[in-house]
Amino acid sequence: MFDARERLNPSQREAVEHLGGPLLVVAGAGSGKTWTLACRVARLVDRGVLPERILLLTFTRRAAREMLSRAERLTGERSVGRVWGGTFHAVGNRLLRLHGRALGLRPDFTVMDRTDSADLMDLIRGDLGLGVTERRFPRKDTLADIYSRTVNAQTKLREVLEAEFPWCAEELDGIRQIFDAYTDRKREHDCLDYDDLLLYWHALALTPGGGERVASMFDHILVDEYQDTNALQADILGATRANGREVMVVGDDAQAIYAFRAATVRNILEFPDRFPGTRLVRLEQNYRSTQPILDVSNAVIALSPQRHEKTLWSERRSDRQPVLLTCLDEPDQSDAVCRAVLEHREQGVPLKEQAVLFRAGHHSDLLEVELSRRNIPFVKYGGLKFMEAAHVKDALAVLRVLENPRDEVSWFRVFQLLEGVGPATARRLVREVPRDGEPVVGSLVGFSTAAGIPGPARPGLDELASVARDCGADVPPPAQLGRVRRFLEPVLARRYDHADARLRDLEQLEQLAAGYPTRGRFLADLALDPPTSTAELAGPPLLDEDYLVLSTIHSAKGGEWDVVHVIHAADGMIPSDMATGDEERIEEERRLLYVALTRARDALYVYFPLRYRRRNHGYEDRYHHAQITRFLPEEIRGLFERRTTFSDVEVSEAEPVGAVAARGRGPEELLRSLWSDEPD
DNA sequence: AATATCCGTATTTTT
DNA sequence: TACGGATATT
C-alpha cells in the first residue's frame, strides 16, 4: 500500500486520503480514476475500516469487480472482497432481500427486466381494453419507456409526455390507468422492475426504522461514474447519507452518455449544493493517451456548447498522429480495419490490446463476417440480444413460475408454449392457475383435466407438471435448465425454422447457470447482470487465447486499449440518426465520440466510409453518399493524418454525390471480386 | 380462437 | 432480417 501511494499524484493522493466531509472528484478520461478509487478502498481498509461497511457503487458489476481486485492486490487482503460492490440496482436487490420486509416485500421477489415490464403493460392494456379503438395507442415498448423515464427522472407523467412523447400526450388518461394497474399488479405478485429496485431502496432509506438501519450499515460510500446517475439515484444517496459524511463521488460531465436513461449531469454539477462543505478535487493529467490523441479528443469536446472546463494533458509525447481513414464503403472499411489490426499485431500489439468501437450493436455485423473469414478471433461487448430472444425468455419463464408462482407475466408466456393456447386462453388460464397453493407442482398436477383447457394443451400441461416435479429447490440450476430444455425441444421445433440454433442458445444458458447455488440467485443475477459479451456466452475456453475486442462505445466506457479503431464516423451513425433532432441528444452523441477517442493509448484510427448501401430495396444496388460526422469539422480533421484506402483512384470527398453514387457496382468492386474468395 | 401466411417496416445505447 | 401486425384459413 505504501508503495502504491508513491505512484499517486498530489490530486489523486488527496482523493485517496480525504476523510470526513463529502468529496467530489471530477476526473477526466484516463486520469487514473479507477486506480484512485481502488487505492482509496485499499487505504480505508488499511486504516481499519471493515470492508463490509464500505459501499462501492459502480456502473457495472464488472467495474466493481475490477476495482475490488485491484484494491485486493494493494492490500493483499482477501477481505476486500467483502466490500458491498455493484450497481445501484444490484445493491438495491441485495438490500431489499435483506430488509424489504419493512416495506411489506417478500424476500423471494422476482426481478423483471425491461421486456418483462413491457409485456406486463401489454397484458394490462389488453385487460383494460385500451388500444382497441380507432386511435392509435402507444405500443408496449413505448409504454415501458414512458414509465421508466417518469420514474427515473422523478417528473410528472404529463410533463414527460409533453416533453419527450408528444405524440402520446392525448392518451394521458389511458396511460395513467395502465400505470396504476401496473403498479398494483407488480405489488400483488411480488415482482419488481428495474426502477422499483431503486424506488423501494429509496423508500426503505426514508422509512423511520429502515432508513437508519440501512444508513448505519455503511461507514463509507463511494460512487463511480456519477455523471451517469439519475435523479432517483441521487436521492437515494442523499437519503442514505443525509449528513454527507464519508461520501465520495467520481465522475466527468464530458463523458455523460446515459441521458437516454434519465441520467443527468446535474447530479454532478449540483453535488456541492446537495452536500454542503464538499471538497472538490480535479484530475486532469491523463496517463493513458499520447498528446496527439488528446489533442483530437480535446478539440472534439471543445466544440460542445456546454461547458466542460477541463483540458486533458499528457506527458506522453508521440510522433504518431491519429489516422483519419476515408474508405470507399463498408466492405472496404472492414477490409481496412482487418489490415490495420493485423499490421499492429505484427508489430507486437496483441489483438486483446486493440479494440474496434462503434455506435450501435449491428454496426459491426459486416466486420464480424470479415473477421471470421480471415480467422481473426474476436469477442464482442454490448449490443447483445441474447436475453431478448423469445426462446431464452421462454426457458426462463418456466424457471420463474417455479420460483415465484405469482409471476403472471411468466405464466402468460409459459401457457402460450402449449399447443392450442394463444393469447386469449393464456390470459384466462393466468387468472385460473391456483397461485397460492404452493408448491407449483401441486397446482399443475390435475390442472390439465380442468374444464376449459384445450385438448391439445393437456399433454403439454402434464409435461410441465413433470418439469415442476423434477425441478425441486435442491436441484442445481443447470440441471433444471436441462430439464426445461428437454421440455422446450418439441415446442421450438414446432414453432421455429432454425430450432437447432435456438437449442444451442439454451445450452449456453445452461453454461451460464453453472456455479449458481440456487435458481433464485441465478434468475435475479441474470436480470441484473446479463451477459454482456460473446465471451461470457461462449464460456471459458476463449479466455486464454488472444482475441480482438469489438464493442459498442457505451460498453467500452472505462476501457482502454493500445490501439483503438473507431468505425462508421459518418453522420447518421455518429450521431445516430435516431438521436438527431433535439440539441441535448446531439450533444450526448458528441460526448459519445469523445469517449470513444479517449479509449486509445498509443494509436487511434477513425474510419469514414464514403457511401453506404441502402438496405432492402429490392435487388437494385442503391448507394447513398455519406457525410463525415459533424463532430469532425475541417479544423479538427487537420489534426489527423489523413489517408484513403484508394490512393490509386481519384475520388475525393468533394466529389459530387451523383458521381460516387452512380459508381454503384463500380470498377473497384469488379476488381475486388477478381481476388476475393467471396462468390459474386 | 388459434394458426398460417404474407407484408411492411423500422432499425441505439443499458440497469 | 427478424419481428410485429393484419388477413385468411382451419
# chains A, B, ... in the order shown; residues from 1 in each chain; ligands from 1
>>> interface_residues(of="chain C", to="chain A", cutoff="12 Å", atoms="only C-alpha atoms (C1' of nucleotides)", output="list in words")
DT1, DA2, DC3, DG4 and DG5 of chain C
>>> write_last_selection(atoms="N, CA and C atoms (P, O5', C5', C4', C3', O3' and C1' of nucleotides)", output="tab-separated table (two decimals), in the first residue's frame")
chain	number	residue	atom	x	y	z
C	1	DT	P	-31.06	-13.05	-43.95
C	1	DT	O5'	-30.69	-12.66	-42.47
C	1	DT	C5'	-30.49	-11.24	-42.17
C	1	DT	C4'	-31.52	-10.83	-41.15
C	1	DT	C3'	-32.72	-11.81	-41.07
C	1	DT	O3'	-33.07	-11.96	-39.72
C	1	DT	C1'	-33.51	-9.65	-41.39
C	2	DA	P	-33.11	-13.46	-39.14
C	2	DA	O5'	-33.70	-13.13	-37.69
C	2	DA	C5'	-33.32	-11.92	-37.06
C	2	DA	C4'	-34.55	-11.15	-36.66
C	2	DA	C3'	-35.74	-12.01	-36.23
C	2	DA	O3'	-36.33	-11.44	-35.11
C	2	DA	C1'	-36.43	-10.50	-37.83
C	3	DC	P	-37.17	-12.33	-34.11
C	3	DC	O5'	-37.97	-11.21	-33.29
C	3	DC	C5'	-37.67	-9.83	-33.51
C	3	DC	C4'	-38.89	-9.11	-34.05
C	3	DC	C3'	-40.22	-9.70	-33.59
C	3	DC	O3'	-40.78	-8.85	-32.61
C	3	DC	C1'	-40.27	-9.06	-35.89
C	4	DG	P	-42.15	-9.26	-31.87
C	4	DG	O5'	-43.18	-8.24	-32.50
C	4	DG	C5'	-42.77	-6.90	-32.80
C	4	DG	C4'	-43.84	-6.20	-33.58
C	4	DG	C3'	-45.27	-6.52	-33.12
C	4	DG	O3'	-46.04	-5.33	-33.18
C	4	DG	C1'	-45.00	-7.19	-35.38
C	5	DG	P	-47.56	-5.36	-32.66
C	5	DG	O5'	-48.37	-5.37	-34.04
C	5	DG	C5'	-48.05	-4.39	-35.04
C	5	DG	C4'	-48.90	-4.64	-36.26
C	5	DG	C3'	-50.36	-5.00	-35.97
C	5	DG	O3'	-51.18	-4.30	-36.88
C	5	DG	C1'	-49.38	-6.68	-37.31
>>> residues_around(residues="DT3 (chain B)", least_positions_apart="4", cutoff="9 Å", atoms="only C-alpha atoms (C1' of nucleotides)", output="VMD selection string")
(chain A and resid 420) or (chain C and resid 9 to 10)
>>> closest_residue(among="A:Met578, A:Val356, A:Leu105, A:Ala71", to="chain B", atoms="only C-alpha atoms (C1' of nucleotides)")
A:Met578
>>> closest_atom_pairs(of="chain B", to="chain A", cutoff="8 Å", atoms="only C-alpha atoms (C1' of nucleotides)", output="JSON lines")
{"residue": "B:DA1", "atom": "C1'", "partner": "A:Ala424", "partner_atom": "CA", "distance": 7.5}
{"residue": "B:DA2", "atom": "C1'", "partner": "A:Gly420", "partner_atom": "CA", "distance": 6.2}
{"residue": "B:DT12", "atom": "C1'", "partner": "A:Ala360", "partner_atom": "CA", "distance": 5.6}
{"residue": "B:DT13", "atom": "C1'", "partner": "A:His554", "partner_atom": "CA", "distance": 6.2}
{"residue": "B:DT14", "atom": "C1'", "partner": "A:Arg261", "partner_atom": "CA", "distance": 7.9}
{"residue": "B:DT15", "atom": "C1'", "partner": "A:His89", "partner_atom": "CA", "distance": 6.5}
>>> write_last_selection(atoms="C-alpha atoms (C1' of nucleotides)", output="CSV table (one decimal), in the first residue's frame")
chain,number,residue,atom,x,y,z
B,1,DA,C1',-59.9,-18.8,-31.1
B,2,DA,C1',-55.5,-20.5,-32.9
B,12,DT,C1',-29.4,2.9,-30.5
B,13,DT,C1',-27.1,3.0,-26.4
B,14,DT,C1',-28.3,-0.4,-20.9
B,15,DT,C1',-29.5,-1.2,-15.4
>>> select_by_dssp(residues="region 12-137 of chain A", states="strand (DSSP E)", output="PyMOL selection string")
chain A and resi 23-27+54-57+84-86+110-112
>>> write_last_selection(atoms="C-alpha atoms", output="PDB file, in the first residue's frame")
ATOM      1  CA  LEU A  23     -15.820  14.637  -1.668  1.00  0.00           C
ATOM      2  CA  LEU A  24     -16.385  15.290  -5.351  1.00  0.00           C
ATOM      3  CA  VAL A  25     -13.721  14.101  -7.747  1.00  0.00           C
ATOM      4  CA  VAL A  26     -14.015  15.409 -11.280  1.00  0.00           C
ATOM      5  CA  ALA A  27     -11.845  13.018 -13.186  1.00  0.00           C
ATOM      6  CA  ILE A  54     -17.856   0.107   2.580  1.00  0.00           C
ATOM      7  CA  LEU A  55     -20.332   0.560  -0.245  1.00  0.00           C
ATOM      8  CA  LEU A  56     -18.864   0.925  -3.721  1.00  0.00           C
ATOM      9  CA  LEU A  57     -21.459   1.831  -6.334  1.00  0.00           C
ATOM     10  CA  TRP A  84     -20.502  -4.108  -0.942  1.00  0.00           C
ATOM     11  CA  GLY A  85     -19.825  -3.534  -4.596  1.00  0.00           C
ATOM     12  CA  GLY A  86     -22.069  -3.359  -7.619  1.00  0.00           C
ATOM     13  CA  THR A 110     -38.930 -11.601  -8.872  1.00  0.00           C
ATOM     14  CA  VAL A 111     -36.810  -9.086 -10.763  1.00  0.00           C
ATOM     15  CA  MET A 112     -38.397  -8.109 -14.068  1.00  0.00           C
TER      16      MET A 112
END
>>> select_by_dssp(residues="region 460-541 of chain A", states="helix (DSSP H, G or I)", output="PyMOL selection string")
chain A and resi 460-470+477-495+499-513+519-528+534-538+540-541
>>> atom_distance(atom1="CA of Phe646 (chain A)", atom2="CA of Asn298 (chain A)")
29.5 Å
>>> atom_distance(atom1="CA of Ala203 (chain A)", atom2="CA of Ala239 (chain A)")
9.1 Å
>>> atom_distance(atom1="CA of Val91 (chain A)", atom2="CA of Ala118 (chain A)")
23.5 Å
>>> residues_around(residues="Phe447 (chain A)", least_positions_apart="5", cutoff="9 Å", atoms="only C-alpha atoms (C1' of nucleotides)", output="number ranges by chain")
A: 433, 442, 453, 458, 461-462, 465
>>> closest_residue(among="A:Asp193, A:Ser31, A:Ala426, A:Val281", to="Val16 (chain A)", atoms="only C-alpha atoms")
A:Val281
>>> residues_around(residues="Pro51 (chain A)", least_positions_apart="2", cutoff="6 Å", atoms="only C-alpha atoms (C1' of nucleotides)", output="list in words")
Arg53, Ile54, Val80, Arg82 and Val83 of chain A
>>> write_last_selection(atoms="C-alpha atoms", output="PDB file, in the first residue's frame")
ATOM      1  CA  ARG A  53     -19.014  -1.424   5.872  1.00  0.00           C
ATOM      2  CA  ILE A  54     -17.856   0.107   2.580  1.00  0.00           C
ATOM      3  CA  VAL A  80     -11.618  -6.575   0.384  1.00  0.00           C
ATOM      4  CA  ARG A  82     -16.418  -8.322   1.344  1.00  0.00           C
ATOM      5  CA  VAL A  83     -16.962  -4.719   0.229  1.00  0.00           C
TER       6      VAL A  83
END
>>> residues_around(residues="region 341-346 of chain A", least_positions_apart="4", cutoff="12 Å", atoms="only C-alpha atoms (C1' of nucleotides)", output="MDAnalysis selection string")
chainID A and resid 334:337 350:356 371 374:378 546:550 562:565 602:605
>>> residues_around(residues="region 511-526 of chain A", least_positions_apart="2", cutoff="9 Å", atoms="only C-alpha atoms (C1' of nucleotides)", output="PyMOL selection string")
chain A and resi 90+93+108+110-112+387+396+399-400+403+473-481+506-509+528-531+536-539
>>> residues_around(residues="Arg486 (chain A)", least_positions_apart="2", cutoff="12 Å", atoms="only C-alpha atoms (C1' of nucleotides)", output="list of chain:residue names")
A:Ala395, A:Glu463, A:Leu464, A:Ser466, A:Val467, A:Asp470, A:Ala479, A:Gln480, A:Leu481, A:Gly482, A:Arg483, A:Val484, A:Leu488, A:Glu489, A:Pro490, A:Val491, A:Leu492, A:Ala493, A:Leu503, A:Leu506, A:Glu507
>>> write_last_selection(atoms="C-alpha atoms", output="PDB file, in the first residue's frame")
ATOM      1  CA  ALA A 395     -36.971 -21.059 -20.836  1.00  0.00           C
ATOM      2  CA  GLU A 463     -45.271 -32.499 -19.068  1.00  0.00           C
ATOM      3  CA  LEU A 464     -44.983 -29.121 -17.403  1.00  0.00           C
ATOM      4  CA  SER A 466     -43.412 -33.210 -14.505  1.00  0.00           C
ATOM      5  CA  VAL A 467     -40.860 -30.449 -15.130  1.00  0.00           C
ATOM      6  CA  ASP A 470     -38.127 -32.623 -11.424  1.00  0.00           C
ATOM      7  CA  ALA A 479     -29.871 -29.405 -14.250  1.00  0.00           C
ATOM      8  CA  GLN A 480     -33.146 -27.537 -14.013  1.00  0.00           C
ATOM      9  CA  LEU A 481     -32.363 -25.726 -17.230  1.00  0.00           C
ATOM     10  CA  GLY A 482     -31.530 -29.025 -18.856  1.00  0.00           C
ATOM     11  CA  ARG A 483     -34.909 -30.334 -17.880  1.00  0.00           C
ATOM     12  CA  VAL A 484     -36.609 -27.217 -19.223  1.00  0.00           C
ATOM     13  CA  LEU A 488     -38.914 -26.916 -24.917  1.00  0.00           C
ATOM     14  CA  GLU A 489     -37.299 -29.016 -27.620  1.00  0.00           C
ATOM     15  CA  PRO A 490     -40.508 -30.091 -29.339  1.00  0.00           C
ATOM     16  CA  VAL A 491     -42.040 -26.674 -28.779  1.00  0.00           C
ATOM     17  CA  LEU A 492     -39.176 -24.919 -30.538  1.00  0.00           C
ATOM     18  CA  ALA A 493     -39.158 -27.485 -33.318  1.00  0.00           C
ATOM     19  CA  LEU A 503     -31.491 -25.006 -28.709  1.00  0.00           C
ATOM     20  CA  LEU A 506     -30.435 -22.819 -24.296  1.00  0.00           C
ATOM     21  CA  GLU A 507     -27.300 -24.865 -23.840  1.00  0.00           C
TER      22      GLU A 507
END
